[in-house]
Amino acid sequence: MENVTPLGGDVYEIDTRMAGFSGITAGYLILGDRPCLVETGTATSAPVVRDALASLGVGAGDLATVVVTHIHLDHAGGVGDIAGMFPAAEIVVHEKGARHLVDPSRLMASAAMVWGDKLDVLFGALAPTEAARIKALGDTGVIDLGNGRTLASHYSPGHAKHHVGLIDSLTGDLYVGDAAGVYMPETGDLRPATPPPDFDLETALGSIELFEALGPQRLLFSHYGPVDDVAAVLERSAEELRVWVDLTKRARSAGLDLDHAVAMVRDRTKERYAALRGADETAEHFELLSGAPSNVAGILHWLDRVEVPR
């Protein structure tokens, strides 16, 4: 299938075609003795993912594990549907996200407040998963991929309090979710992902340091794709966080409201990203991957918690 890309080591990137777009959210199949899907994409992507797995020979009874880096709807919105399509699969998630997969009502209500009428088009509805199907992870955990191969989970909050990174014992691939930001392969741009309500700068930087300490051979971004230059990209990830926080602090100190703060940060960061100097379509793609309003709102939310009132 044209949305399936082999990456070596029995790892396959699956373009989940979020909202019909290409190159927005990737899922990954580790096709070992115990096939494992990392990230489901959205609920509306579930049939796309099912068909991709079928093209790789993974039928309804063959998938052993589904693991998500965190429960945001672009990563885990399809968990309930995929669980139904693959009834033998164990669903793995950090313990702080597990209850929301069992009862998604609060998560969906929160998403509806943020996305409004766009919710159904972008994400669809997260269907509940039976509690008995879910394995909840603590700060660390191990997923059995078969034949001695494992996927080790490492708690990595900062972007979200229920976020984990996952490292493959065979390939050294590190599935970074959103903890290292979003990567645009067309231009090589890297931009932070700092949405409300969980963003915390020091925690996020600590997670990037953890990723460095794990010594990965390659980074697999959910947004989007593989990156080989591990050290440089993680260094850039930390730098981007500091730049966005510094600029948002300046906007807050100047008393700017959210819209004006977003405009200022956009203006002062635009030269950092080749995507914003290219075609309008590329710029729109970049905004969908990591929107400035969401990033600035998340940083302001954090600043309001940790700094003195304006």
# chains A, B, ... in the order shown; residues from 1 in each chain; ligands from 1
call {"tool": "select_by_dssp", "arguments": {"residues": "segment 48-270 of chain A", "states": "helix (DSSP H, G or I)", "output": "PyMOL selection string"}}
result
chain A and resi 48-55+73-76+79-85+95-102+105-115+118-122+131-133+201-213+230-253+258-270
call {"tool": "residues_around", "arguments": {"residues": "segment 51-67 of chain A", "least_positions_apart": "4", "cutoff": "7 Å", "atoms": "only C-alpha atoms", "output": "ChimeraX atom specification"}}
result
/A:1,4,14,34-39,47,85-93
call {"tool": "write_last_selection", "arguments": {"atoms": "N, CA and C atoms", "output": "PDB file, in the first residue's frame"}}
result
ATOM      1  N   MET A   1       0.848  -1.198   0.000  1.00  0.00           N
ATOM      2  CA  MET A   1       0.000   0.000   0.000  1.00  0.00           C
ATOM      3  C   MET A   1       0.880   1.244   0.000  1.00  0.00           C
ATOM      4  N   VAL A   4       2.230   2.738   3.347  1.00  0.00           N
ATOM      5  CA  VAL A   4       3.069   1.882   4.185  1.00  0.00           C
ATOM      6  C   VAL A   4       4.511   1.969   3.683  1.00  0.00           C
ATOM      7  N   ILE A  14       3.245   3.687   8.986  1.00  0.00           N
ATOM      8  CA  ILE A  14       1.908   3.722   8.388  1.00  0.00           C
ATOM      9  C   ILE A  14       1.390   5.162   8.457  1.00  0.00           C
ATOM     10  N   ARG A  34       5.542 -11.240  17.879  1.00  0.00           N
ATOM     11  CA  ARG A  34       4.326 -10.713  18.496  1.00  0.00           C
ATOM     12  C   ARG A  34       4.097  -9.307  17.937  1.00  0.00           C
ATOM     13  N   PRO A  35       3.379  -9.197  16.823  1.00  0.00           N
ATOM     14  CA  PRO A  35       3.224  -7.907  16.147  1.00  0.00           C
ATOM     15  C   PRO A  35       2.659  -6.839  17.077  1.00  0.00           C
ATOM     16  N   CYS A  36       3.267  -5.657  16.991  1.00  0.00           N
ATOM     17  CA  CYS A  36       2.906  -4.550  17.882  1.00  0.00           C
ATOM     18  C   CYS A  36       2.673  -3.290  17.061  1.00  0.00           C
ATOM     19  N   LEU A  37       1.557  -2.636  17.305  1.00  0.00           N
ATOM     20  CA  LEU A  37       1.246  -1.351  16.674  1.00  0.00           C
ATOM     21  C   LEU A  37       1.529  -0.233  17.670  1.00  0.00           C
ATOM     22  N   VAL A  38       2.371   0.716  17.270  1.00  0.00           N
ATOM     23  CA  VAL A  38       2.663   1.892  18.083  1.00  0.00           C
ATOM     24  C   VAL A  38       1.908   3.076  17.481  1.00  0.00           C
ATOM     25  N   GLU A  39       0.960   3.604  18.208  1.00  0.00           N
ATOM     26  CA  GLU A  39       0.067   4.699  17.820  1.00  0.00           C
ATOM     27  C   GLU A  39      -1.019   4.185  16.865  1.00  0.00           C
ATOM     28  N   PRO A  47      -9.930   2.459  10.056  1.00  0.00           N
ATOM     29  CA  PRO A  47     -10.002   1.578   8.884  1.00  0.00           C
ATOM     30  C   PRO A  47      -8.749   1.634   8.014  1.00  0.00           C
ATOM     31  N   MET A  85     -11.359  -4.214  16.291  1.00  0.00           N
ATOM     32  CA  MET A  85     -10.945  -4.872  15.053  1.00  0.00           C
ATOM     33  C   MET A  85      -9.935  -5.984  15.289  1.00  0.00           C
ATOM     34  N   PHE A  86      -9.159  -5.860  16.391  1.00  0.00           N
ATOM     35  CA  PHE A  86      -8.108  -6.828  16.706  1.00  0.00           C
ATOM     36  C   PHE A  86      -8.324  -7.341  18.130  1.00  0.00           C
ATOM     37  N   PRO A  87      -9.260  -8.263  18.308  1.00  0.00           N
ATOM     38  CA  PRO A  87      -9.722  -8.645  19.657  1.00  0.00           C
ATOM     39  C   PRO A  87      -8.682  -9.355  20.506  1.00  0.00           C
ATOM     40  N   ALA A  88      -7.585  -9.829  19.932  1.00  0.00           N
ATOM     41  CA  ALA A  88      -6.555 -10.510  20.727  1.00  0.00           C
ATOM     42  C   ALA A  88      -5.497  -9.549  21.256  1.00  0.00           C
ATOM     43  N   ALA A  89      -5.532  -8.306  20.830  1.00  0.00           N
ATOM     44  CA  ALA A  89      -4.460  -7.368  21.174  1.00  0.00           C
ATOM     45  C   ALA A  89      -4.628  -6.809  22.580  1.00  0.00           C
ATOM     46  N   GLU A  90      -3.509  -6.750  23.309  1.00  0.00           N
ATOM     47  CA  GLU A  90      -3.465  -6.054  24.591  1.00  0.00           C
ATOM     48  C   GLU A  90      -3.217  -4.579  24.316  1.00  0.00           C
ATOM     49  N   ILE A  91      -3.896  -3.702  25.056  1.00  0.00           N
ATOM     50  CA  ILE A  91      -3.778  -2.260  24.863  1.00  0.00           C
ATOM     51  C   ILE A  91      -2.890  -1.701  25.976  1.00  0.00           C
ATOM     52  N   VAL A  92      -1.797  -1.042  25.598  1.00  0.00           N
ATOM     53  CA  VAL A  92      -0.797  -0.586  26.566  1.00  0.00           C
ATOM     54  C   VAL A  92      -0.741   0.939  26.558  1.00  0.00           C
ATOM     55  N   VAL A  93      -0.794   1.526  27.765  1.00  0.00           N
ATOM     56  CA  VAL A  93      -0.823   2.978  27.915  1.00  0.00           C
ATOM     57  C   VAL A  93      -0.293   3.319  29.305  1.00  0.00           C
TER      58      VAL A  93
END
call {"tool": "closest_atom_pairs", "arguments": {"of": "segment 101-175 of chain A", "to": "segment 198-213 of chain A", "cutoff": "10 Å", "atoms": "only C-alpha atoms", "output": "Markdown table"}}
result
| residue | atom | partner | partner_atom | distance |
| --- | --- | --- | --- | --- |
| A:His154 | CA | A:Leu210 | CA | 8.5 |
| A:Tyr155 | CA | A:Ser207 | CA | 8.0 |
| A:Ser156 | CA | A:Ser207 | CA | 4.9 |
| A:Pro157 | CA | A:Ala204 | CA | 6.2 |
| A:Gly158 | CA | A:Ala204 | CA | 3.8 |
| A:His159 | CA | A:Phe199 | CA | 4.9 |
| A:Ala160 | CA | A:Asp198 | CA | 5.1 |
| A:Lys161 | CA | A:Asp198 | CA | 6.1 |
| A:His162 | CA | A:Asp198 | CA | 9.3 |
| A:His163 | CA | A:Ser207 | CA | 9.8 |
| A:Val164 | CA | A:Ser207 | CA | 9.3 |
| A:Gly165 | CA | A:Phe211 | CA | 7.8 |
| A:Leu166 | CA | A:Phe211 | CA | 9.5 |
| A:Ile167 | CA | A:Phe211 | CA | 9.3 |
| A:Leu174 | CA | A:Phe211 | CA | 7.9 |
| A:Tyr175 | CA | A:Phe211 | CA | 9.8 |
call {"tool": "closest_atom_pairs", "arguments": {"of": "segment 75-193 of chain A", "to": "segment 221-241 of chain A", "cutoff": "7 Å", "atoms": "only C-alpha atoms", "output": "Markdown table"}}
result
| residue | atom | partner | partner_atom | distance |
| --- | --- | --- | --- | --- |
| A:Tyr175 | CA | A:Phe221 | CA | 6.3 |
| A:Val176 | CA | A:Phe221 | CA | 5.7 |
| A:Gly177 | CA | A:Ser222 | CA | 5.2 |
| A:Asp178 | CA | A:Ser222 | CA | 6.9 |
| A:Ala180 | CA | A:Ser237 | CA | 5.6 |
| A:Gly181 | CA | A:Ser237 | CA | 6.4 |
| A:Val182 | CA | A:His223 | CA | 5.1 |
| A:Tyr183 | CA | A:Tyr224 | CA | 5.5 |
| A:Met184 | CA | A:Tyr224 | CA | 6.1 |
| A:Pro185 | CA | A:Tyr224 | CA | 6.8 |
| A:Leu190 | CA | A:Ser237 | CA | 6.8 |
| A:Arg191 | CA | A:Glu240 | CA | 6.4 |
| A:Pro192 | CA | A:Leu241 | CA | 5.7 |
call {"tool": "closest_atom_pairs", "arguments": {"of": "segment 121-226 of chain A", "to": "segment 294-298 of chain A", "cutoff": "7 Å", "atoms": "only C-alpha atoms", "output": "JSON lines"}}
result
{"residue": "A:Ala193", "atom": "CA", "partner": "A:Asn295", "partner_atom": "CA", "distance": 6.1}
{"residue": "A:Thr194", "atom": "CA", "partner": "A:Asn295", "partner_atom": "CA", "distance": 4.6}
{"residue": "A:Pro195", "atom": "CA", "partner": "A:Gly298", "partner_atom": "CA", "distance": 4.2}
{"residue": "A:Pro196", "atom": "CA", "partner": "A:Gly298", "partner_atom": "CA", "distance": 3.9}
{"residue": "A:Pro197", "atom": "CA", "partner": "A:Gly298", "partner_atom": "CA", "distance": 6.1}
{"residue": "A:Phe199", "atom": "CA", "partner": "A:Gly298", "partner_atom": "CA", "distance": 6.0}
call {"tool": "write_last_selection", "arguments": {"atoms": "all heavy atoms", "output": "PDB file, in the first residue's frame"}}
result
ATOM      1  N   ALA A 193       5.868  21.148  20.703  1.00  0.00           N
ATOM      2  CA  ALA A 193       4.447  20.851  20.900  1.00  0.00           C
ATOM      3  C   ALA A 193       4.151  21.096  22.373  1.00  0.00           C
ATOM      4  O   ALA A 193       4.507  20.285  23.227  1.00  0.00           O
ATOM      5  CB  ALA A 193       4.138  19.415  20.500  1.00  0.00           C
ATOM      6  N   THR A 194       3.525  22.243  22.676  1.00  0.00           N
ATOM      7  CA  THR A 194       3.365  22.690  24.068  1.00  0.00           C
ATOM      8  C   THR A 194       1.914  23.035  24.396  1.00  0.00           C
ATOM      9  O   THR A 194       1.634  24.110  24.917  1.00  0.00           O
ATOM     10  CB  THR A 194       4.257  23.924  24.323  1.00  0.00           C
ATOM     11  OG1 THR A 194       3.855  24.996  23.447  1.00  0.00           O
ATOM     12  CG2 THR A 194       5.715  23.603  24.067  1.00  0.00           C
ATOM     13  N   PRO A 195       0.968  22.126  24.122  1.00  0.00           N
ATOM     14  CA  PRO A 195      -0.434  22.484  24.325  1.00  0.00           C
ATOM     15  C   PRO A 195      -0.824  22.502  25.801  1.00  0.00           C
ATOM     16  O   PRO A 195      -0.161  21.872  26.626  1.00  0.00           O
ATOM     17  CB  PRO A 195      -1.182  21.359  23.601  1.00  0.00           C
ATOM     18  CG  PRO A 195      -0.284  20.172  23.794  1.00  0.00           C
ATOM     19  CD  PRO A 195       1.119  20.734  23.685  1.00  0.00           C
ATOM     20  N   PRO A 196      -1.898  23.216  26.123  1.00  0.00           N
ATOM     21  CA  PRO A 196      -2.445  23.084  27.473  1.00  0.00           C
ATOM     22  C   PRO A 196      -3.148  21.734  27.599  1.00  0.00           C
ATOM     23  O   PRO A 196      -3.483  21.124  26.590  1.00  0.00           O
ATOM     24  CB  PRO A 196      -3.464  24.242  27.537  1.00  0.00           C
ATOM     25  CG  PRO A 196      -3.841  24.522  26.102  1.00  0.00           C
ATOM     26  CD  PRO A 196      -2.637  24.156  25.279  1.00  0.00           C
ATOM     27  N   PRO A 197      -3.354  21.229  28.815  1.00  0.00           N
ATOM     28  CA  PRO A 197      -3.046  21.884  30.086  1.00  0.00           C
ATOM     29  C   PRO A 197      -1.762  21.400  30.760  1.00  0.00           C
ATOM     30  O   PRO A 197      -1.416  21.872  31.826  1.00  0.00           O
ATOM     31  CB  PRO A 197      -4.244  21.475  30.944  1.00  0.00           C
ATOM     32  CG  PRO A 197      -4.542  20.070  30.482  1.00  0.00           C
ATOM     33  CD  PRO A 197      -4.247  20.055  29.002  1.00  0.00           C
ATOM     34  N   PHE A 199       1.619  21.178  29.683  1.00  0.00           N
ATOM     35  CA  PHE A 199       2.984  21.577  29.367  1.00  0.00           C
ATOM     36  C   PHE A 199       3.705  22.129  30.590  1.00  0.00           C
ATOM     37  O   PHE A 199       3.173  22.929  31.348  1.00  0.00           O
ATOM     38  CB  PHE A 199       3.011  22.629  28.247  1.00  0.00           C
ATOM     39  CG  PHE A 199       4.398  23.198  28.041  1.00  0.00           C
ATOM     40  CD1 PHE A 199       5.404  22.405  27.511  1.00  0.00           C
ATOM     41  CD2 PHE A 199       4.708  24.494  28.438  1.00  0.00           C
ATOM     42  CE1 PHE A 199       6.693  22.906  27.356  1.00  0.00           C
ATOM     43  CE2 PHE A 199       5.989  25.005  28.290  1.00  0.00           C
ATOM     44  CZ  PHE A 199       6.989  24.206  27.733  1.00  0.00           C
TER      45      PHE A 199
END
call {"tool": "atom_distance", "arguments": {"atom1": "atom CA of Arg268 of chain A", "atom2": "atom CA of Lys249 of chain A"}}
result
13.0 Å
call {"tool": "atom_distance", "arguments": {"atom1": "atom CA of Gly9 of chain A", "atom2": "atom CA of Gly84 of chain A"}}
result
27.7 Å
call {"tool": "select_by_dssp", "arguments": {"residues": "segment 22-239 of chain A", "states": "strand (DSSP E)", "output": "PyMOL selection string"}}
result
chain A and resi 26-30+36-38+65-67+90-94+134-137+140-146+149-155+164-168+173-177+182-184+189-191+218-221+225-227
call {"tool": "closest_residue", "arguments": {"among": "A:His260, A:His72, A:His301, A:His94", "to": "Ala125 of chain A", "atoms": "only C-alpha atoms"}}
result
A:His72
call {"tool": "closest_residue", "arguments": {"among": "A:Val243, A:Leu303, A:Ala179, A:Val48", "to": "Leu220 of chain A", "atoms": "only C-alpha atoms"}}
result
A:Ala179
